[in-house]
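J.: Dumping the structure here so I can ask a few things about it.
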Amino acid sequence: MRCDRVWSKARLATFAVDRSGIGAIEDGVVAARGGRIVYAGPAADAPTFEARETIDCASRWITPGLIDPHTHLVFGGDRAHEFELRLAGASYEAIARAGGGIVSTMKATRAASRADLVAAALPRLDALIAEGLTTLEIKSGYGLSLDDELKSLRAARALADVRDVSVTTTFLGAHALPPEFAGDPDGYVDLVCREMIPAVAAEGLADAVDAFCEGIGFTPAQTRRVFEAAHAHGLPVKLHAEQLSNLNGAALAAEFGALSADHLEHLDAAGIAAMAKAGTVAVLLPGAFYFVRETRLPPIEALRAAGVPMALATDCNPGTSPLTSLLLTMNMAATLFRMTVDECLAGVTREAARAIGRLESVGTLEVGKACDLAVWDIERPAELVYRMGFNPLHARVWKGEIA
């Protein structure tokens with residue numbers, strides 16, 4: 001078999017859909033041609049390769065490249081002062097109602113140029129890449145005007161032009177109420193549905209549409225309007241749901257066949273059943289849970305029992321999860337949420353790909369998928385979840401090229 005590159009003498013965690021657990025292969029081989037996997041499996045079953053380069057992995061582990069399925073990576077400014085306020089006892093909701101929170105970041109984002117936003121996001125992106133990330137989702141939602149939302153989405157797309165990484169973008173215009181629409185949330189939702197979504201769709205700037213369905217965000221009725229507009233323009237949906245209260249947002253998201261419902265600390269049995277029926281992924285965000293000192297855990301056991309796929313993400317954002325480490329995210333999910341090692345690892349590979357609608361092309365080591373790999377200096381995959389502040393990445397491969 002002709003190919004560009006072969007990784008031999010490796011231990012593979014394939015996460016293949018038809019295998020149990022992590023799909024471990026002790027003596028494995030991965031081969032790539034044209035940026036895609038042409039073989040991933042046991043060395044004993046491998047064909048004879050004619051490769052430009054063969055890399056001896058010396059029994060290192062290979063996983064799919066890591067995927068972060070929920071980030072707000074593009075924004076202006078920071079909110080370290082709000083962190084101090086929370087340490088002094090102020091709640092996230094109280095800070096938001098006093099003019100802080102998302103609106104604070106909105107002001108800094110509106111003042112920034114697209115180049116400024118790209119430059120500010122690059123260090124955050126580089127931190128993720130350094131831990132084996134090859135794909136991520138980036139939401140807008142800090143511009144809250146047509147021009148500033150478009151600017152943010154263009155900045156997110158531009159990151160893929162300056163780094164070897166795949167970016168999916170999500171339009172999150174219904175993130176917060178901008179000051180110019182104070183007291184008129186329905187008027188702002190009109191703007192989102194009638195002007196923003198059509199413009200975003202016309203430029204092909206978003207792969208999905210998201211909303212913040214919460215007491216300090218938007219009501220289920222308003223969220224439904226956003227989803228209807230998204231579907232009218234051929235865009236799948238996602239939802240920030242049940243983070244601070246239960247507004248039955250997850251069930252609403254499932255009704256629209258949402259790719260994911262995210263946060264979910266207050267998710268109930270009806271929401272779980274709806275997600276399971278729709279195939280909607282639960283994206284869990286332990287960084288936000290930790291950072292805002294939440295006490296109500298997402299219903300992991302009930303999600304597990306219902307067969308709802310569980311993904312993990314950093315939720316990288318300036319206010320509630322300034323986190324740029326998927327390795328630490330996995331450790332938090334295991335220690336705080338009691339997720340298993342296999343669930344954590346699948347959560348940043350296969351299930352993360354499912355959550356952004358990219359499972360057909362990334363997230364597992366299977367023939368036909370992008371050859372996005374992370375090669376690790378570890379003895380067992382549990383080390384990727386067990387350690388804190390330690391990065392055992394040996395090599396990162398993006399589309400078959402060593403990055």
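Ligands are numbered from 1 in the order shown, residues from 1 within each chain, and chains are lettered A, B, ... in the order they appear in the structure tokens.
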Please produce, as a tab-separated table, a per-residue contact table for region 207-317 of chain A versus region 91-106 of chain A (criterion: any atom at most 10 Å away, only C-alpha atoms considered), showing the nearest atom pair and its distance in Å to one decimal, sorted by chain then residue number.

T.:
residue	atom	partner	partner_atom	distance
A:Gly215	CA	A:Glu93	CA	9.2
A:Ile216	CA	A:Glu93	CA	7.1
A:Leu244	CA	A:Glu93	CA	9.1
A:Val292	CA	A:Tyr92	CA	7.3
A:Arg293	CA	A:Ser91	CA	9.8
A:Asn317	CA	A:Thr105	CA	9.7

J.: Which region 309-353 of chain A residues have any atom within 12 Å of an atom of region 126-132 of chain A, and for each, what is the nearest pair of atoms with distance in Å to one decimal, counting only C-alpha atoms, rows sorted by chain and number, as a Markdown table?

T.:
| residue | atom | partner | partner_atom | distance |
| --- | --- | --- | --- | --- |
| A:Ala313 | CA | A:Leu128 | CA | 11.2 |
| A:Thr314 | CA | A:Leu128 | CA | 9.5 |
| A:Cys316 | CA | A:Leu128 | CA | 10.1 |
| A:Pro322 | CA | A:Ala127 | CA | 11.9 |
| A:Leu323 | CA | A:Leu128 | CA | 9.4 |
| A:Thr324 | CA | A:Leu128 | CA | 5.7 |
| A:Ser325 | CA | A:Leu128 | CA | 5.8 |
| A:Leu326 | CA | A:Leu128 | CA | 7.0 |
| A:Leu327 | CA | A:Glu131 | CA | 7.3 |
| A:Leu328 | CA | A:Glu131 | CA | 10.2 |
| A:Thr329 | CA | A:Leu128 | CA | 11.2 |
| A:Val348 | CA | A:Gly132 | CA | 10.6 |
| A:Thr349 | CA | A:Gly132 | CA | 10.9 |

J.: Quick one: write out the picked residues with N, CA and C atoms as a PDB file, in the first residue's frame?

T.:
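The file below, out27.pdb, is the result:
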ATOM      1  N   ALA A 313     -15.291  19.812  27.551  1.00  0.00           N
ATOM      2  CA  ALA A 313     -14.725  20.993  26.906  1.00  0.00           C
ATOM      3  C   ALA A 313     -14.181  21.943  27.960  1.00  0.00           C
ATOM      4  N   THR A 314     -13.288  22.817  27.522  1.00  0.00           N
ATOM      5  CA  THR A 314     -12.723  23.798  28.458  1.00  0.00           C
ATOM      6  C   THR A 314     -13.713  24.901  28.782  1.00  0.00           C
ATOM      7  N   CYS A 316     -13.449  27.676  27.488  1.00  0.00           N
ATOM      8  CA  CYS A 316     -12.520  28.798  27.637  1.00  0.00           C
ATOM      9  C   CYS A 316     -13.247  30.116  27.384  1.00  0.00           C
ATOM     10  N   PRO A 322     -11.631  30.593  32.544  1.00  0.00           N
ATOM     11  CA  PRO A 322     -10.430  30.993  31.802  1.00  0.00           C
ATOM     12  C   PRO A 322      -9.421  29.845  31.741  1.00  0.00           C
ATOM     13  N   LEU A 323      -9.844  28.760  31.124  1.00  0.00           N
ATOM     14  CA  LEU A 323      -9.116  27.490  31.123  1.00  0.00           C
ATOM     15  C   LEU A 323      -8.661  27.169  29.714  1.00  0.00           C
ATOM     16  N   THR A 324      -7.404  26.824  29.555  1.00  0.00           N
ATOM     17  CA  THR A 324      -6.859  26.496  28.234  1.00  0.00           C
ATOM     18  C   THR A 324      -6.118  25.165  28.279  1.00  0.00           C
ATOM     19  N   SER A 325      -6.683  24.188  28.985  1.00  0.00           N
ATOM     20  CA  SER A 325      -6.049  22.879  29.112  1.00  0.00           C
ATOM     21  C   SER A 325      -7.111  21.787  29.091  1.00  0.00           C
ATOM     22  N   LEU A 326      -7.100  20.973  28.031  1.00  0.00           N
ATOM     23  CA  LEU A 326      -8.004  19.827  28.006  1.00  0.00           C
ATOM     24  C   LEU A 326      -7.523  18.729  28.952  1.00  0.00           C
ATOM     25  N   LEU A 327      -6.222  18.663  29.198  1.00  0.00           N
ATOM     26  CA  LEU A 327      -5.730  17.674  30.154  1.00  0.00           C
ATOM     27  C   LEU A 327      -6.275  17.972  31.555  1.00  0.00           C
ATOM     28  N   LEU A 328      -6.227  19.219  31.968  1.00  0.00           N
ATOM     29  CA  LEU A 328      -6.783  19.578  33.269  1.00  0.00           C
ATOM     30  C   LEU A 328      -8.302  19.418  33.271  1.00  0.00           C
ATOM     31  N   THR A 329      -8.937  19.713  32.159  1.00  0.00           N
ATOM     32  CA  THR A 329     -10.383  19.508  32.051  1.00  0.00           C
ATOM     33  C   THR A 329     -10.738  18.056  32.346  1.00  0.00           C
ATOM     34  N   VAL A 348     -12.998  13.969  24.946  1.00  0.00           N
ATOM     35  CA  VAL A 348     -12.198  14.973  24.229  1.00  0.00           C
ATOM     36  C   VAL A 348     -11.725  14.446  22.881  1.00  0.00           C
ATOM     37  N   THR A 349     -12.302  13.317  22.448  1.00  0.00           N
ATOM     38  CA  THR A 349     -11.992  12.766  21.126  1.00  0.00           C
ATOM     39  C   THR A 349     -13.305  12.447  20.405  1.00  0.00           C
TER      40      THR A 349
END

J.: Counting only C-alpha atoms, what is within 12 Å of Thr71 (chain A), bar same-chain residues fewer than 4 positions away, as a ChimeraX atom specification?

T.: /A:67,75,121,124-125,128,135-141,156,167-172,210,240,262,283-285,287-288,312-318,320-326,352,356

J.: Compare A:Met1, A:Val281, A:Ala206, A:Leu235 by their minimum atom-to-atom distance to Val38 (chain A), counting only C-alpha atoms, and give me the closest one.

T.: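 Using only C-alpha atoms, the shortest distance to Val38 (chain A) belongs to A:Met1.
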
J.: List as a ChimeraX atom specification the protein and nucleic acid residues near region 198-205 of chain A, meaning an atom at most 7 Å away when only C-alpha atoms are counted, but skip any in the same chain fewer than 4 places from it.

T.: /A:150,153-154,194,233

J.: Pick out the closest residue to Phe337 (chain A) from this set: A:Ala311, A:Glu301, A:Val362, A:Ala108. Count only C-alpha atoms.

T.: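 Closest residue, counting only C-alpha atoms: A:Glu301.
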
J.: Can you tell me, as a PyMOL selection string, what residues are no more than 8 Å from Ala10 (chain A) when counting only C-alpha atoms, ignoring any on the same chain fewer than 2 positions away?

T.: chain A and resi 7-8+12+26-29+56-62

J.: Report the residues of region 60-284 of chain A whose backbone DSSP state falls under strand (DSSP E or B), written as an MDAnalysis selection string.

T.: chainID A and resid 61:64 66:68 133:139 166:174 208:213 218 237:241 260:263 281:284

J.: Write the residues of the preceding selection, restricted to C-alpha atoms, as a tab-separated table (two decimals), in the first residue's frame.

T.:
chain	number	residue	atom	x	y	z
A	61	TRP	CA	0.51	5.70	22.83
A	62	ILE	CA	-1.34	7.34	19.94
A	63	THR	CA	-4.79	8.83	20.40
A	64	PRO	CA	-6.85	10.89	17.99
A	66	LEU	CA	-7.80	16.19	20.99
A	67	ILE	CA	-10.96	18.19	20.31
A	68	ASP	CA	-12.41	21.04	22.36
A	133	LEU	CA	-5.46	19.73	20.24
A	134	THR	CA	-6.17	19.46	16.52
A	135	THR	CA	-9.82	20.63	16.30
A	136	LEU	CA	-11.89	23.11	18.28
A	137	GLU	CA	-15.18	24.94	18.22
A	138	ILE	CA	-15.16	28.72	18.74
A	139	LYS	CA	-18.33	30.68	19.54
A	166	SER	CA	-9.28	22.83	12.34
A	167	VAL	CA	-11.83	25.40	13.54
A	168	THR	CA	-15.59	25.10	13.60
A	169	THR	CA	-17.51	28.28	14.37
A	170	THR	CA	-20.79	28.78	16.21
A	171	PHE	CA	-22.91	31.91	16.11
A	172	LEU	CA	-23.96	32.84	19.65
A	173	GLY	CA	-25.74	36.13	19.10
A	174	ALA	CA	-28.29	35.20	21.78
A	208	ALA	CA	-24.04	26.05	14.05
A	209	VAL	CA	-26.16	28.44	16.12
A	210	ASP	CA	-26.15	28.54	19.93
A	211	ALA	CA	-28.08	30.44	22.62
A	212	PHE	CA	-27.92	31.03	26.39
A	213	CYS	CA	-31.25	29.80	27.75
A	218	PHE	CA	-33.00	34.23	27.15
A	237	VAL	CA	-28.22	24.22	16.81
A	238	LYS	CA	-26.57	23.87	20.21
A	239	LEU	CA	-27.59	25.28	23.59
A	240	HIS	CA	-26.22	26.56	26.88
A	241	ALA	CA	-28.81	24.83	29.06
A	260	SER	CA	-25.36	19.30	21.96
A	261	ALA	CA	-26.72	20.76	25.16
A	262	ASP	CA	-23.98	22.16	27.39
A	263	HIS	CA	-23.42	22.68	31.15
A	281	VAL	CA	-24.59	15.14	23.15
A	282	ALA	CA	-24.14	16.34	26.73
A	283	VAL	CA	-21.13	18.67	26.77
A	284	LEU	CA	-19.90	18.94	30.34

J.: What parts of region 6-228 of chain A does DSSP call helix (DSSP H, G or I)? I'd like the answer as number ranges by chain.

T.: A: 43-45, 80-87, 92-97, 102-111, 114-129, 146-162, 179-181, 185-203, 220-228

J.: Using only C-alpha atoms, which residues sit within 9 Å of Ala254 (chain A) once same-chain residues fewer than 5 positions away are excluded, as a PyMOL selection string?

T.: chain A and resi 249+259-261+271+274-280

J.: Take the residues that were just selected and, keeping N, CA, C and O atoms, output them as a PDB file, in the first residue's frame.

T.:
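Generated output (result.pdb):
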ATOM      1  N   GLY A 249     -34.380  23.713  28.927  1.00  0.00           N
ATOM      2  CA  GLY A 249     -33.695  24.044  27.680  1.00  0.00           C
ATOM      3  C   GLY A 249     -33.161  22.820  26.955  1.00  0.00           C
ATOM      4  O   GLY A 249     -33.164  22.782  25.721  1.00  0.00           O
ATOM      5  N   LEU A 259     -27.139  19.412  18.154  1.00  0.00           N
ATOM      6  CA  LEU A 259     -25.879  18.683  18.261  1.00  0.00           C
ATOM      7  C   LEU A 259     -25.528  18.427  19.714  1.00  0.00           C
ATOM      8  O   LEU A 259     -25.094  17.335  20.076  1.00  0.00           O
ATOM      9  N   SER A 260     -25.726  19.451  20.559  1.00  0.00           N
ATOM     10  CA  SER A 260     -25.363  19.304  21.964  1.00  0.00           C
ATOM     11  C   SER A 260     -26.188  20.230  22.837  1.00  0.00           C
ATOM     12  O   SER A 260     -26.728  21.236  22.374  1.00  0.00           O
ATOM     13  N   ALA A 261     -26.261  19.868  24.098  1.00  0.00           N
ATOM     14  CA  ALA A 261     -26.723  20.756  25.159  1.00  0.00           C
ATOM     15  C   ALA A 261     -25.596  20.781  26.186  1.00  0.00           C
ATOM     16  O   ALA A 261     -25.068  19.736  26.562  1.00  0.00           O
ATOM     17  N   GLY A 271     -35.396  15.981  30.568  1.00  0.00           N
ATOM     18  CA  GLY A 271     -34.384  16.486  29.655  1.00  0.00           C
ATOM     19  C   GLY A 271     -33.433  15.396  29.205  1.00  0.00           C
ATOM     20  O   GLY A 271     -33.041  15.331  28.030  1.00  0.00           O
ATOM     21  N   ALA A 274     -35.185  13.201  26.644  1.00  0.00           N
ATOM     22  CA  ALA A 274     -35.293  13.879  25.353  1.00  0.00           C
ATOM     23  C   ALA A 274     -33.957  13.879  24.618  1.00  0.00           C
ATOM     24  O   ALA A 274     -33.902  13.646  23.400  1.00  0.00           O
ATOM     25  N   MET A 275     -32.866  14.128  25.347  1.00  0.00           N
ATOM     26  CA  MET A 275     -31.547  14.115  24.722  1.00  0.00           C
ATOM     27  C   MET A 275     -31.189  12.729  24.214  1.00  0.00           C
ATOM     28  O   MET A 275     -30.639  12.572  23.119  1.00  0.00           O
ATOM     29  N   ALA A 276     -31.496  11.713  25.003  1.00  0.00           N
ATOM     30  CA  ALA A 276     -31.193  10.347  24.588  1.00  0.00           C
ATOM     31  C   ALA A 276     -31.940   9.987  23.309  1.00  0.00           C
ATOM     32  O   ALA A 276     -31.374   9.383  22.389  1.00  0.00           O
ATOM     33  N   LYS A 277     -33.193  10.375  23.230  1.00  0.00           N
ATOM     34  CA  LYS A 277     -34.010  10.067  22.055  1.00  0.00           C
ATOM     35  C   LYS A 277     -33.496  10.794  20.817  1.00  0.00           C
ATOM     36  O   LYS A 277     -33.489  10.238  19.711  1.00  0.00           O
ATOM     37  N   ALA A 278     -33.046  12.040  21.002  1.00  0.00           N
ATOM     38  CA  ALA A 278     -32.607  12.851  19.867  1.00  0.00           C
ATOM     39  C   ALA A 278     -31.155  12.610  19.477  1.00  0.00           C
ATOM     40  O   ALA A 278     -30.722  13.045  18.412  1.00  0.00           O
ATOM     41  N   GLY A 279     -30.386  11.935  20.339  1.00  0.00           N
ATOM     42  CA  GLY A 279     -28.958  11.777  20.077  1.00  0.00           C
ATOM     43  C   GLY A 279     -28.159  13.023  20.351  1.00  0.00           C
ATOM     44  O   GLY A 279     -27.036  13.184  19.849  1.00  0.00           O
ATOM     45  N   THR A 280     -28.703  13.913  21.159  1.00  0.00           N
ATOM     46  CA  THR A 280     -28.014  15.162  21.508  1.00  0.00           C
ATOM     47  C   THR A 280     -26.923  14.873  22.529  1.00  0.00           C
ATOM     48  O   THR A 280     -27.161  14.210  23.540  1.00  0.00           O
TER      49      THR A 280
END

J.: Using only C-alpha atoms, which residues sit within 10 Å of Arg110 (chain A) once same-chain residues fewer than 2 positions away are excluded, as a PyMOL selection string?

T.: chain A and resi 75-76+105-108+112-114+117+142-145+147-149+151-152

J.: What is the distance, in Å and to one decimal place, between CA of Val308 (chain A) and CA of Asn246 (chain A)?

T.: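 Separation between CA of Val308 (chain A) and CA of Asn246 (chain A): 18.3 Å.
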
J.: Considering only C-alpha atoms, can you say which of A:Ile25, A:Gln222, A:Glu50, A:Glu351 comes closest to Gly187 (chain A)?

T.: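 Smallest distance to Gly187 (chain A) is found for A:Gln222.
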